[in-house]
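J.: My structure is in data-v4.cif, and what it holds is mmCIF, C-alpha atoms and all ligand atoms:
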```
data_protein
loop_
_atom_site.label_atom_id
_atom_site.label_comp_id
_atom_site.auth_asym_id
_atom_site.auth_seq_id
_atom_site.Cartn_x
_atom_site.Cartn_y
_atom_site.Cartn_z
CA MET A 1 -2.20 -23.07 -8.89
CA ARG A 2 -0.37 -25.49 -6.59
CA LYS A 3 -1.59 -28.94 -5.48
CA PRO A 4 -2.49 -29.34 -1.80
CA THR A 5 0.54 -30.52 0.16
CA GLY A 6 -0.76 -31.11 3.68
CA ARG A 7 -3.92 -32.01 5.54
CA ARG A 8 -4.90 -28.39 6.14
CA LYS A 9 -7.97 -27.37 4.17
CA ARG A 10 -7.11 -25.01 1.33
CA ILE A 11 -9.26 -22.00 0.45
CA ALA A 12 -8.93 -19.84 -2.66
CA ILE A 13 -10.23 -16.29 -2.42
CA VAL A 14 -10.78 -14.34 -5.62
CA GLY A 15 -10.08 -10.64 -5.03
CA ALA A 16 -7.99 -8.68 -2.51
CA GLY A 17 -10.34 -5.80 -1.64
CA TRP A 18 -11.77 -5.44 1.86
CA THR A 19 -13.90 -8.59 1.53
CA GLY A 20 -11.15 -10.90 0.27
CA ALA A 21 -8.60 -9.44 2.69
CA VAL A 22 -10.74 -9.86 5.81
CA ALA A 23 -11.99 -13.35 4.85
CA GLY A 24 -8.38 -14.30 4.06
CA ARG A 25 -7.12 -13.01 7.39
CA LEU A 26 -9.76 -14.72 9.50
CA LEU A 27 -9.51 -18.08 7.73
CA THR A 28 -5.70 -17.98 7.95
CA GLU A 29 -5.89 -17.23 11.68
CA MET A 30 -8.27 -20.20 12.02
CA GLY A 31 -5.56 -22.48 10.63
CA LEU A 32 -6.69 -22.88 7.02
CA ALA A 33 -4.29 -22.62 4.10
CA VAL A 34 -5.56 -19.56 2.25
CA GLU A 35 -4.46 -18.09 -1.04
CA VAL A 36 -5.89 -14.76 -2.20
CA LEU A 37 -5.77 -14.37 -5.99
CA GLU A 38 -5.93 -10.77 -7.19
CA LYS A 39 -6.07 -9.63 -10.81
CA ALA A 40 -4.51 -6.22 -10.11
CA GLY A 41 -0.87 -5.63 -9.28
CA VAL A 42 -1.84 -4.21 -5.87
CA VAL A 43 -4.20 -5.13 -3.03
CA GLY A 44 -6.97 -2.93 -1.61
CA GLY A 45 -9.58 -3.03 -4.37
CA HIS A 46 -11.90 -0.13 -4.86
CA SER A 47 -11.00 1.70 -1.64
CA ARG A 48 -7.33 2.22 -2.55
CA VAL A 49 -5.65 5.59 -2.62
CA GLU A 50 -2.85 6.61 -4.99
CA LEU A 51 -0.31 9.44 -5.07
CA LEU A 52 -0.16 12.25 -7.63
CA ASN A 53 3.00 14.36 -7.20
CA GLY A 54 3.08 13.10 -3.61
CA VAL A 55 -0.56 14.07 -2.86
CA VAL A 56 -2.82 11.29 -1.57
CA TYR A 57 -5.97 11.05 -3.69
CA GLU A 58 -8.71 8.53 -4.41
CA PRO A 59 -8.83 7.29 -8.00
CA ASN A 60 -12.11 5.41 -7.36
CA GLY A 61 -14.00 8.08 -5.45
CA ALA A 62 -14.22 9.28 -1.86
CA HIS A 63 -14.11 6.51 0.76
CA ILE A 64 -14.95 7.44 4.32
CA PHE A 65 -14.96 4.60 6.81
CA HIS A 66 -17.98 4.63 9.12
CA THR A 67 -19.57 1.93 11.22
CA SER A 68 -21.78 1.29 14.22
CA ASP A 69 -20.78 -2.37 14.39
CA PRO A 70 -18.53 -2.91 17.43
CA VAL A 71 -17.03 -6.12 16.03
CA VAL A 72 -16.06 -4.43 12.78
CA ASN A 73 -14.77 -1.43 14.71
CA ARG A 74 -12.54 -3.62 16.90
CA PHE A 75 -11.19 -5.36 13.83
CA VAL A 76 -10.26 -2.20 11.91
CA THR A 77 -8.78 -0.37 14.89
CA ALA A 78 -6.57 -3.40 15.53
CA HIS A 79 -5.22 -2.81 12.03
CA GLY A 80 -4.49 0.87 12.55
CA LEU A 81 -7.71 2.52 11.33
CA SER A 82 -8.39 4.88 14.21
CA ARG A 83 -8.03 8.53 13.20
CA PRO A 84 -11.46 10.14 13.79
CA TYR A 85 -12.97 12.07 10.91
CA ASP A 86 -16.36 13.83 10.86
CA HIS A 87 -17.49 13.82 7.23
CA LYS A 88 -19.48 16.89 6.17
CA VAL A 89 -20.66 17.29 2.58
CA LEU A 90 -21.59 20.52 0.83
CA THR A 91 -23.89 20.98 -2.18
CA GLU A 92 -23.70 23.72 -4.79
CA VAL A 93 -27.26 24.75 -5.58
CA TYR A 94 -28.58 27.19 -8.21
CA LEU A 95 -31.79 28.80 -7.01
CA SER A 96 -32.40 30.42 -10.43
CA PRO A 97 -31.16 27.72 -12.78
CA ASP A 98 -32.19 29.61 -15.93
CA ASP A 99 -30.31 32.76 -14.93
CA ALA A 100 -26.72 32.61 -16.25
CA ASP A 101 -25.70 35.18 -13.60
CA ASP A 102 -26.73 32.90 -10.73
CA GLU A 103 -23.39 31.88 -9.22
CA GLY A 104 -24.91 29.26 -6.96
CA CYS A 105 -24.78 28.90 -3.20
CA LEU A 106 -23.27 26.29 -0.92
CA LEU A 107 -25.60 24.40 1.39
CA SER A 108 -25.22 21.37 3.60
CA TRP A 109 -25.95 17.89 2.37
CA PRO A 110 -28.32 16.44 3.47
CA PRO A 111 -30.39 19.65 3.31
CA GLN A 112 -30.97 21.31 6.69
CA VAL A 113 -34.29 23.03 7.34
CA SER A 114 -32.51 25.75 9.37
CA GLU A 115 -30.44 26.72 6.28
CA LEU A 116 -33.39 26.43 3.89
CA LYS A 117 -35.37 28.91 5.98
CA GLU A 118 -32.87 31.61 4.93
CA LEU A 119 -33.54 31.06 1.20
CA PRO A 120 -36.03 32.96 -1.00
CA VAL A 121 -37.60 29.62 -2.00
CA TRP A 122 -38.50 28.80 1.62
CA PRO A 123 -42.19 29.88 1.44
CA ALA A 124 -42.77 27.45 -1.47
CA VAL A 125 -40.80 24.71 0.29
CA GLU A 126 -42.71 25.26 3.53
CA ARG A 127 -46.08 24.97 1.73
CA GLU A 128 -44.99 21.73 0.07
CA LEU A 129 -43.67 20.24 3.31
CA ALA A 130 -46.98 20.96 5.02
CA GLY A 131 -48.80 18.88 2.39
CA LEU A 132 -46.59 15.77 2.55
CA PRO A 133 -47.78 12.37 3.80
CA SER A 134 -46.61 11.32 7.28
CA ARG A 135 -44.36 8.61 5.73
CA PRO A 136 -42.75 8.73 2.26
CA THR A 137 -44.58 6.73 -0.39
CA GLY A 138 -44.01 5.65 -4.00
CA ASP A 139 -42.34 2.77 -5.83
CA ASN A 140 -39.92 4.80 -7.90
CA PHE A 141 -37.13 7.05 -6.66
CA GLU A 142 -38.70 10.35 -7.80
CA ASP A 143 -42.13 9.73 -6.26
CA TYR A 144 -40.56 8.57 -3.02
CA VAL A 145 -38.20 11.54 -2.66
CA VAL A 146 -40.84 14.12 -3.68
CA SER A 147 -43.13 12.65 -1.01
CA MET A 148 -40.26 13.04 1.47
CA MET A 149 -39.14 16.65 0.76
CA GLY A 150 -41.48 18.21 -1.81
CA ARG A 151 -40.96 19.12 -5.47
CA THR A 152 -38.86 22.28 -4.99
CA LEU A 153 -36.14 20.64 -2.91
CA TYR A 154 -36.26 17.56 -5.13
CA ASP A 155 -35.60 19.75 -8.20
CA LEU A 156 -32.79 21.68 -6.49
CA PHE A 157 -30.90 18.82 -4.86
CA ILE A 158 -31.89 15.52 -6.43
CA ARG A 159 -33.43 15.51 -9.95
CA ASP A 160 -30.45 16.40 -12.14
CA TYR A 161 -27.90 14.73 -9.84
CA THR A 162 -29.84 11.48 -10.12
CA ALA A 163 -30.23 11.76 -13.91
CA LYS A 164 -26.47 12.40 -14.28
CA GLN A 165 -25.50 9.66 -11.83
CA TRP A 166 -27.72 6.92 -13.25
CA GLY A 167 -28.10 8.01 -16.88
CA ARG A 168 -31.87 7.71 -16.63
CA PRO A 169 -34.68 9.65 -14.99
CA ALA A 170 -35.39 9.02 -11.33
CA THR A 171 -38.84 7.67 -12.27
CA GLU A 172 -37.11 4.55 -13.66
CA LEU A 173 -35.15 3.86 -10.49
CA SER A 174 -36.25 1.85 -7.52
CA ALA A 175 -37.28 3.66 -4.35
CA ARG A 176 -35.46 0.92 -2.38
CA PHE A 177 -32.21 2.77 -1.88
CA ALA A 178 -33.73 6.23 -1.20
CA PRO A 179 -33.99 5.81 2.59
CA LYS A 180 -30.24 5.13 2.73
CA ARG A 181 -29.30 8.13 0.57
CA VAL A 182 -31.79 10.95 0.96
CA GLU A 183 -32.83 12.85 4.08
CA LEU A 184 -34.24 16.23 5.03
CA ARG A 185 -32.80 17.23 8.38
CA THR A 186 -34.35 19.30 11.11
CA ASP A 187 -31.81 18.56 13.86
CA ASP A 188 -28.81 20.56 12.54
CA HIS A 189 -26.64 17.44 12.54
CA ARG A 190 -24.15 18.39 9.83
CA GLY A 191 -22.15 15.14 9.57
CA LEU A 192 -23.22 12.95 6.63
CA PHE A 193 -23.20 9.81 8.75
CA ARG A 194 -24.59 9.12 12.19
CA ASP A 195 -22.42 6.09 12.87
CA ARG A 196 -20.66 5.82 16.20
CA TRP A 197 -17.21 5.35 14.62
CA GLN A 198 -15.93 7.29 11.62
CA TYR A 199 -12.32 7.34 10.44
CA PHE A 200 -10.08 8.60 7.72
CA PRO A 201 -6.50 7.30 7.80
CA PRO A 202 -3.91 10.04 7.12
CA ASN A 203 -2.19 8.04 4.37
CA GLY A 204 -5.30 6.40 2.95
CA ILE A 205 -6.67 2.92 3.47
CA ASN A 206 -3.94 0.95 1.68
CA GLU A 207 -1.74 0.38 4.71
CA VAL A 208 -4.75 -0.81 6.74
CA ILE A 209 -5.70 -3.45 4.16
CA GLU A 210 -2.02 -4.38 3.77
CA SER A 211 -1.88 -4.94 7.54
CA VAL A 212 -4.95 -7.20 7.33
CA LEU A 213 -3.24 -9.23 4.59
CA SER A 214 0.19 -9.32 6.25
CA VAL A 215 -0.18 -12.98 7.32
CA VAL A 216 -2.04 -14.14 4.19
CA ALA A 217 -0.59 -15.61 0.98
CA VAL A 218 -1.51 -13.25 -1.86
CA THR A 219 -0.83 -13.79 -5.54
CA LEU A 220 -1.13 -10.61 -7.58
CA ASN A 221 -1.72 -10.14 -11.32
CA THR A 222 -3.85 -13.28 -11.42
CA GLU A 223 -7.30 -13.03 -12.92
CA VAL A 224 -9.54 -15.98 -12.07
CA THR A 225 -12.55 -16.87 -14.22
CA ILE A 226 -14.97 -19.71 -14.74
CA ASP A 227 -12.37 -21.29 -17.05
CA ASP A 228 -10.28 -21.98 -13.93
CA ALA A 229 -13.09 -23.90 -12.20
CA ASP A 230 -11.53 -27.35 -12.79
CA ASP A 231 -8.04 -26.25 -11.68
CA LEU A 232 -9.45 -24.60 -8.57
CA GLY A 233 -11.48 -27.73 -7.81
CA ARG A 234 -8.32 -29.86 -7.88
CA ALA A 235 -6.18 -27.45 -5.84
CA TYR A 236 -8.58 -26.21 -3.15
CA ASP A 237 -11.37 -27.37 -0.85
CA ALA A 238 -13.53 -24.24 -1.29
CA VAL A 239 -13.49 -20.96 -3.16
CA VAL A 240 -14.72 -17.49 -2.17
CA ILE A 241 -15.56 -15.23 -5.10
CA THR A 242 -15.62 -11.45 -4.58
CA ALA A 243 -15.49 -10.63 -8.32
CA ALA A 244 -18.40 -9.37 -10.44
CA LEU A 245 -20.25 -12.48 -11.60
CA ASP A 246 -20.87 -11.37 -15.19
CA ASP A 247 -17.13 -10.83 -15.69
CA PHE A 248 -16.26 -14.00 -13.79
CA ALA A 249 -18.68 -16.06 -15.87
CA GLY A 250 -17.24 -14.68 -19.11
CA CYS A 251 -20.33 -12.65 -20.04
CA PRO A 252 -19.43 -9.02 -19.19
CA GLY A 253 -22.40 -6.71 -19.68
CA GLU A 254 -24.89 -9.38 -18.67
CA LEU A 255 -25.43 -7.34 -15.50
CA GLU A 256 -26.03 -3.61 -15.65
CA TRP A 257 -23.50 -1.51 -13.74
CA ARG A 258 -23.10 2.22 -13.40
CA GLY A 259 -19.48 3.36 -13.30
CA ILE A 260 -17.72 6.59 -12.56
CA GLU A 261 -14.47 8.04 -13.82
CA MET A 262 -12.54 10.28 -11.48
CA ARG A 263 -10.88 13.02 -13.56
CA SER A 264 -8.07 13.95 -11.21
CA HIS A 265 -5.86 17.01 -11.58
CA TYR A 266 -2.92 18.22 -9.53
CA HIS A 267 -2.86 21.88 -8.46
CA PRO A 268 0.16 23.47 -6.78
CA THR A 269 -0.58 25.46 -3.61
CA ASN A 270 1.64 28.00 -1.83
CA ASP A 271 0.51 26.87 1.59
CA PRO A 272 1.29 23.23 2.61
CA GLY A 273 -2.24 23.04 4.06
CA GLY A 274 -3.76 24.61 0.93
CA VAL A 275 -6.97 23.30 -0.61
CA ILE A 276 -8.97 24.77 -3.50
CA THR A 277 -12.51 23.42 -3.19
CA PRO A 278 -14.91 24.11 -0.29
CA ALA A 279 -15.04 20.57 1.10
CA TYR A 280 -13.66 17.03 0.81
CA VAL A 281 -16.85 16.17 -1.12
CA THR A 282 -18.90 18.90 -2.81
CA ASN A 283 -22.03 17.73 -4.61
CA ARG A 284 -22.72 19.43 -7.94
CA PRO A 285 -26.32 18.49 -8.68
CA SER A 286 -26.83 21.14 -11.38
CA ALA A 287 -27.19 20.18 -15.05
CA ARG A 288 -24.74 23.04 -15.78
CA VAL A 289 -21.77 20.71 -15.18
CA PRO A 290 -21.44 17.10 -16.33
CA HIS A 291 -19.81 15.83 -13.11
CA THR A 292 -21.82 14.91 -10.01
CA ARG A 293 -19.33 16.01 -7.37
CA THR A 294 -15.79 17.10 -6.72
CA VAL A 295 -13.53 15.25 -4.32
CA GLU A 296 -10.47 16.82 -2.68
CA THR A 297 -9.11 14.15 -0.37
CA LYS A 298 -6.57 16.53 1.22
CA HIS A 299 -9.43 17.94 3.34
CA ALA A 300 -9.69 14.49 4.94
CA THR A 301 -6.05 13.44 5.14
CA GLY A 302 -4.82 16.79 6.45
CA GLN A 303 -1.65 16.14 4.45
CA ARG A 304 0.96 18.94 4.68
CA ILE A 305 2.30 19.32 1.15
CA GLY A 306 2.59 22.16 -1.38
CA GLY A 307 -0.13 20.90 -3.71
CA THR A 308 -3.53 19.30 -3.88
CA VAL A 309 -5.55 17.00 -6.16
CA VAL A 310 -9.14 17.67 -7.14
CA SER A 311 -11.12 14.92 -8.84
CA GLU A 312 -14.29 15.51 -10.80
CA GLU A 313 -16.58 12.50 -10.58
CA MET A 314 -17.90 11.78 -14.08
CA PRO A 315 -20.74 9.27 -14.25
CA GLY A 316 -21.28 6.80 -17.07
CA ALA A 317 -17.83 5.19 -17.20
CA PRO A 318 -17.59 1.51 -18.20
CA GLN A 319 -16.73 0.26 -14.69
CA ASN A 320 -18.46 -2.11 -12.27
CA HIS A 321 -19.11 0.44 -9.55
CA TYR A 322 -22.78 0.73 -8.66
CA PRO A 323 -25.36 -2.04 -9.14
CA VAL A 324 -28.38 -0.64 -10.98
CA LEU A 325 -31.47 -1.32 -8.90
CA THR A 326 -34.32 -0.79 -11.33
CA ALA A 327 -37.90 -0.88 -10.13
CA ASP A 328 -38.39 -4.39 -11.65
CA GLY A 329 -35.34 -5.92 -9.87
CA VAL A 330 -34.15 -7.62 -13.07
CA ASN A 331 -30.42 -7.29 -12.32
CA GLU A 332 -30.62 -8.84 -8.85
CA ARG A 333 -32.46 -11.82 -10.34
CA ARG A 334 -29.85 -12.20 -13.07
CA ASN A 335 -27.05 -12.09 -10.48
CA ALA A 336 -28.72 -14.88 -8.51
CA GLU A 337 -28.97 -16.97 -11.70
CA LEU A 338 -25.30 -16.38 -12.48
CA ALA A 339 -24.38 -17.43 -8.92
CA GLY A 340 -26.31 -20.67 -9.40
CA TRP A 341 -24.72 -21.33 -12.78
CA ILE A 342 -21.18 -20.70 -11.45
CA THR A 343 -21.76 -22.91 -8.39
CA ALA A 344 -22.88 -25.75 -10.64
CA ARG A 345 -19.66 -25.53 -12.67
CA PHE A 346 -17.48 -26.16 -9.58
CA SER A 347 -16.75 -29.48 -7.88
CA ILE A 348 -16.02 -27.68 -4.57
CA PRO A 349 -18.23 -25.39 -2.46
CA VAL A 350 -18.43 -21.82 -3.77
CA TYR A 351 -19.14 -18.77 -1.58
CA PHE A 352 -20.04 -15.31 -2.88
CA ALA A 353 -19.25 -12.22 -0.81
CA GLY A 354 -18.64 -8.49 -1.09
CA ARG A 355 -20.03 -5.66 -3.17
CA LEU A 356 -19.41 -7.10 -6.65
CA ALA A 357 -20.32 -10.78 -6.34
CA THR A 358 -23.51 -10.12 -4.38
CA TYR A 359 -24.49 -7.19 -6.64
CA ARG A 360 -25.22 -4.85 -3.74
CA TYR A 361 -24.10 -1.35 -2.85
CA ILE A 362 -22.38 -1.99 0.45
CA ASN A 363 -20.07 0.21 2.46
CA GLN A 364 -16.68 -0.93 3.64
CA ASP A 365 -17.93 -1.91 7.09
CA GLU A 366 -20.65 -4.04 5.49
CA ALA A 367 -18.05 -5.69 3.23
CA ILE A 368 -16.02 -6.53 6.34
CA ALA A 369 -19.09 -7.93 8.10
CA ASP A 370 -19.86 -9.97 4.96
CA ALA A 371 -16.32 -11.38 5.01
CA MET A 372 -16.66 -12.26 8.70
CA SER A 373 -19.89 -14.12 8.09
CA VAL A 374 -18.57 -16.01 5.05
CA ALA A 375 -15.48 -17.06 7.04
CA ALA A 376 -17.72 -18.35 9.85
CA ARG A 377 -19.89 -20.23 7.34
CA ILE A 378 -16.89 -21.89 5.73
CA LEU A 379 -15.61 -23.07 9.11
CA THR A 380 -19.00 -24.51 10.00
CA ASP A 381 -19.35 -26.22 6.62
CA LEU A 382 -15.84 -27.69 6.73
CA ALA A 383 -16.41 -28.99 10.24
CA GLY A 384 -19.74 -30.57 9.26
C1 LIG A 401 -17.88 5.43 -6.03
C2 LIG A 401 -17.91 4.67 -4.73
C3 LIG A 401 -17.70 5.34 -3.52
C4 LIG A 401 -17.72 4.65 -2.32
N1 LIG A 401 -17.56 5.35 -1.15
C5 LIG A 401 -17.59 4.67 0.02
C6 LIG A 401 -17.46 5.37 1.27
O1 LIG A 401 -17.35 6.60 1.32
N2 LIG A 401 -17.45 4.65 2.42
C7 LIG A 401 -17.57 3.27 2.42
O2 LIG A 401 -17.52 2.67 3.49
N3 LIG A 401 -17.71 2.59 1.26
C8 LIG A 401 -17.72 3.25 0.07
N4 LIG A 401 -17.87 2.57 -1.11
C9 LIG A 401 -18.02 1.10 -1.06
C10 LIG A 401 -16.67 0.37 -1.03
O3 LIG A 401 -15.94 0.69 -2.19
C11 LIG A 401 -16.92 -1.13 -0.92
O4 LIG A 401 -17.62 -1.41 0.25
C12 LIG A 401 -15.64 -1.98 -0.92
O5 LIG A 401 -14.85 -1.68 -2.03
C13 LIG A 401 -16.02 -3.45 -0.94
O6 LIG A 401 -14.86 -4.25 -1.02
P1 LIG A 401 -14.88 -5.59 -1.87
O7 LIG A 401 -13.66 -6.35 -1.48
O8 LIG A 401 -16.17 -6.28 -1.76
O9 LIG A 401 -14.78 -5.09 -3.40
P2 LIG A 401 -13.57 -4.38 -4.13
O10 LIG A 401 -12.94 -3.37 -3.28
O11 LIG A 401 -14.07 -3.97 -5.46
O12 LIG A 401 -12.51 -5.56 -4.33
C14 LIG A 401 -12.67 -6.58 -5.28
C15 LIG A 401 -11.29 -7.03 -5.70
O13 LIG A 401 -11.42 -8.17 -6.55
C16 LIG A 401 -10.51 -8.02 -7.64
N5 LIG A 401 -11.06 -8.81 -8.73
C17 LIG A 401 -12.19 -8.55 -9.43
N6 LIG A 401 -12.38 -9.52 -10.35
C18 LIG A 401 -11.37 -10.42 -10.21
C19 LIG A 401 -11.04 -11.64 -10.87
N7 LIG A 401 -11.81 -12.13 -11.86
N8 LIG A 401 -9.91 -12.30 -10.47
C20 LIG A 401 -9.13 -11.79 -9.47
N9 LIG A 401 -9.41 -10.63 -8.83
C21 LIG A 401 -10.52 -9.97 -9.18
C22 LIG A 401 -10.49 -6.52 -7.90
O14 LIG A 401 -9.32 -6.13 -8.61
C23 LIG A 401 -10.52 -5.97 -6.48
O15 LIG A 401 -9.23 -5.84 -5.95
C24 LIG A 401 -17.91 3.25 -2.32
C25 LIG A 401 -18.12 2.56 -3.53
C26 LIG A 401 -18.17 3.27 -4.73
C27 LIG A 401 -18.49 2.52 -5.99
#
```
Here is a file; write its structure as structure tokens.
T.:
Amino acid sequence: MRKPTGRRKRIAIVGAGWTGAVAGRLLTEMGLAVEVLEKAGVVGGHSRVELLNGVVYEPNGAHIFHTSDPVVNRFVTAHGLSRPYDHKVLTEVYLSPDDADDEGCLLSWPPQVSELKELPVWPAVERELAGLPSRPTGDNFEDYVVSMMGRTLYDLFIRDYTAKQWGRPATELSARFAPKRVELRTDDHRGLFRDRWQYFPPNGINEVIESVLSVVAVTLNTEVTIDDADDLGRAYDAVVITAALDDFAGCPGELEWRGIEMRSHYHPTNDPGGVITPAYVTNRPSARVPHTRTVETKHATGQRIGGTVVSEEMPGAPQNHYPVLTADGVNERRNAELAGWITARFSIPVYFAGRLATYRYINQDEAIADAMSVAARILTDLAG
């Protein structure tokens, strides 16, 4: 880490995903001397795509950009993210799960009442829906979702998916994130999101994030931890941390995370437009398979190439992907304590932003908005 050379304020940013990239860009444009320090050999963080035999695929899971925030939308379109994409998800459901001959059927996700009416289970579903409270209730995820769609739909679409995804029954999970994830639709809107702007870039997100960082000093292959606090304090006027705080503080595992592993395989196709699964994302909620969904990014890129890549999303990998929001909120409290402990170890102001450091599940547009607000806060604080 270099010593400051001029009078410009120097800001270190730990991590070159969306959050670090956008904060870095804005602070650089505002005249600060920014250095983004990234532990990987590439920028882009979790949203990156890679190539397998020339096919664009997503090693960290499907990433569809969607936002209703006009400021965020203006920012990303200025950096080339502008190809519209309407994201529709399918779910493979087994109506007779104990019957080995049941080959399953494909339905929309979120479930659509108009499709459900065609199923033999509809009379039972209809009876259950008629008995539901006017607003969903319940502190845990299972109670909340059952009160939203009834037991039959919960068992078909949610129960086993949730147990596979989180490695614990839905009764142990908080109901807090259900409203964001689960819906029963009566309006025939098939797109997963209702945001005003939705994009998928034809070559993946990398070149968009690289454009954001094009005017920013980035140092790759540099992991920053609490052990660097004194060096950072001497070299910079403030630091923005977008890393997971348990790792950063040198106590990995202190926070509970749920990770996924994408098992990606290349398949040749005769047709350059060829795909082999029914949709970009197909949910597989059944306990018959260990993965939770398949992802075939070629549906979204529209790439013309004689091959495709299908990734099976396997839950339970040792990665910091999803924060685990238990009903007692213990992990959020621990993250706040770690933030306080880290701040106290620094002699300069410390800011936490993004999905990892704030221990929240946030989409890319929310990470960008977070970066914008941290950049504004830093400017205000430095001026004060
Ligand atoms: C499985 C999954 C699917 C998702 N799908 C979507 C989707 O469809 N649409 C959507 O909008 N959002 C999606 N998201 C959310 C999206 O991934 C995040 O919003 C986005 O990655 C947040 O960017 P970030 O910069 O905060 O974090 P990250 O992208 O994780 O970037 C953090 C960066 O910091 C680096 N780093 C970490 N520790 C250190 C350290 N100690 N020193 C230096 N560098 C470090 C990392 O290498 C990484 O580059 C998904 C998330 C997951 C987990």
J.: Between A:Ala23, A:Ala12, A:Val309, A:Val146, single out the one closest to A:Pro268, counting only C-alpha atoms.
T.: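 Looking only at the distances to A:Pro268, the closest residue turns out to be A:Val309.
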J.: Find the residues around stretch 116-124 of chain A up to 10 Å (all atoms listed in the file counted), leave out those fewer than 2 positions away in its own chain, and share them as a list of chain:residue names.
T.: A:Leu95, A:Ser96, A:Leu107, A:Ser108, A:Pro111, A:Gln112, A:Val113, A:Ser114, A:Glu126, A:Arg127, A:Glu128, A:Leu129, A:Gly150, A:Arg151, A:Thr152, A:Leu153
J.: Within 7 Å of ligand LIG 401 (chain A), which residues of chain A come that close, and what is the closest atom pair and distance in Å for each? Count only C-alpha atoms and all ligand atoms and give it as JSON lines.
T.:
```
{"residue": "A:Val14", "atom": "CA", "partner": "A:LIG401", "partner_atom": "C20", "distance": 4.9}
{"residue": "A:Gly15", "atom": "CA", "partner": "A:LIG401", "partner_atom": "O13", "distance": 3.2}
{"residue": "A:Ala16", "atom": "CA", "partner": "A:LIG401", "partner_atom": "O15", "distance": 4.6}
{"residue": "A:Gly17", "atom": "CA", "partner": "A:LIG401", "partner_atom": "O7", "distance": 3.4}
{"residue": "A:Trp18", "atom": "CA", "partner": "A:LIG401", "partner_atom": "O7", "distance": 3.9}
{"residue": "A:Thr19", "atom": "CA", "partner": "A:LIG401", "partner_atom": "O7", "distance": 3.8}
{"residue": "A:Gly20", "atom": "CA", "partner": "A:LIG401", "partner_atom": "O7", "distance": 5.5}
{"residue": "A:Leu37", "atom": "CA", "partner": "A:LIG401", "partner_atom": "C20", "distance": 5.5}
{"residue": "A:Glu38", "atom": "CA", "partner": "A:LIG401", "partner_atom": "N9", "distance": 3.8}
{"residue": "A:Lys39", "atom": "CA", "partner": "A:LIG401", "partner_atom": "C20", "distance": 4.0}
{"residue": "A:Ala40", "atom": "CA", "partner": "A:LIG401", "partner_atom": "O14", "distance": 5.0}
{"residue": "A:Val43", "atom": "CA", "partner": "A:LIG401", "partner_atom": "O15", "distance": 5.9}
{"residue": "A:Gly44", "atom": "CA", "partner": "A:LIG401", "partner_atom": "O15", "distance": 5.7}
{"residue": "A:Gly45", "atom": "CA", "partner": "A:LIG401", "partner_atom": "O15", "distance": 3.2}
{"residue": "A:His46", "atom": "CA", "partner": "A:LIG401", "partner_atom": "O10", "distance": 3.8}
{"residue": "A:Ser47", "atom": "CA", "partner": "A:LIG401", "partner_atom": "O3", "distance": 5.1}
{"residue": "A:Asn60", "atom": "CA", "partner": "A:LIG401", "partner_atom": "C1", "distance": 5.9}
{"residue": "A:Gly61", "atom": "CA", "partner": "A:LIG401", "partner_atom": "C1", "distance": 4.7}
{"residue": "A:Ala62", "atom": "CA", "partner": "A:LIG401", "partner_atom": "O1", "distance": 5.2}
{"residue": "A:His63", "atom": "CA", "partner": "A:LIG401", "partner_atom": "O1", "distance": 3.3}
{"residue": "A:Ile64", "atom": "CA", "partner": "A:LIG401", "partner_atom": "O1", "distance": 3.9}
{"residue": "A:Phe65", "atom": "CA", "partner": "A:LIG401", "partner_atom": "O2", "distance": 4.6}
{"residue": "A:His66", "atom": "CA", "partner": "A:LIG401", "partner_atom": "O2", "distance": 6.0}
{"residue": "A:Thr222", "atom": "CA", "partner": "A:LIG401", "partner_atom": "C20", "distance": 5.8}
{"residue": "A:Glu223", "atom": "CA", "partner": "A:LIG401", "partner_atom": "N8", "distance": 3.7}
{"residue": "A:Val224", "atom": "CA", "partner": "A:LIG401", "partner_atom": "N8", "distance": 4.0}
{"residue": "A:Thr225", "atom": "CA", "partner": "A:LIG401", "partner_atom": "N7", "distance": 5.3}
{"residue": "A:Thr242", "atom": "CA", "partner": "A:LIG401", "partner_atom": "O13", "distance": 5.7}
{"residue": "A:Ala243", "atom": "CA", "partner": "A:LIG401", "partner_atom": "N6", "distance": 3.9}
{"residue": "A:Ala244", "atom": "CA", "partner": "A:LIG401", "partner_atom": "N6", "distance": 6.0}
{"residue": "A:Asp247", "atom": "CA", "partner": "A:LIG401", "partner_atom": "N7", "distance": 6.7}
{"residue": "A:Phe248", "atom": "CA", "partner": "A:LIG401", "partner_atom": "N7", "distance": 5.2}
{"residue": "A:Ile260", "atom": "CA", "partner": "A:LIG401", "partner_atom": "C1", "distance": 6.6}
{"residue": "A:His321", "atom": "CA", "partner": "A:LIG401", "partner_atom": "C27", "distance": 4.2}
{"residue": "A:Tyr322", "atom": "CA", "partner": "A:LIG401", "partner_atom": "C27", "distance": 5.4}
{"residue": "A:Ala353", "atom": "CA", "partner": "A:LIG401", "partner_atom": "O8", "distance": 6.8}
{"residue": "A:Gly354", "atom": "CA", "partner": "A:LIG401", "partner_atom": "O8", "distance": 3.4}
{"residue": "A:Arg355", "atom": "CA", "partner": "A:LIG401", "partner_atom": "O8", "distance": 4.2}
{"residue": "A:Leu356", "atom": "CA", "partner": "A:LIG401", "partner_atom": "O8", "distance": 5.9}
{"residue": "A:Tyr361", "atom": "CA", "partner": "A:LIG401", "partner_atom": "C9", "distance": 6.8}
{"residue": "A:Ile362", "atom": "CA", "partner": "A:LIG401", "partner_atom": "O4", "distance": 4.8}
{"residue": "A:Asn363", "atom": "CA", "partner": "A:LIG401", "partner_atom": "N3", "distance": 3.6}
{"residue": "A:Gln364", "atom": "CA", "partner": "A:LIG401", "partner_atom": "O4", "distance": 3.6}
{"residue": "A:Asp365", "atom": "CA", "partner": "A:LIG401", "partner_atom": "O2", "distance": 5.8}
{"residue": "A:Glu366", "atom": "CA", "partner": "A:LIG401", "partner_atom": "O4", "distance": 6.6}
{"residue": "A:Ala367", "atom": "CA", "partner": "A:LIG401", "partner_atom": "C13", "distance": 5.2}
```
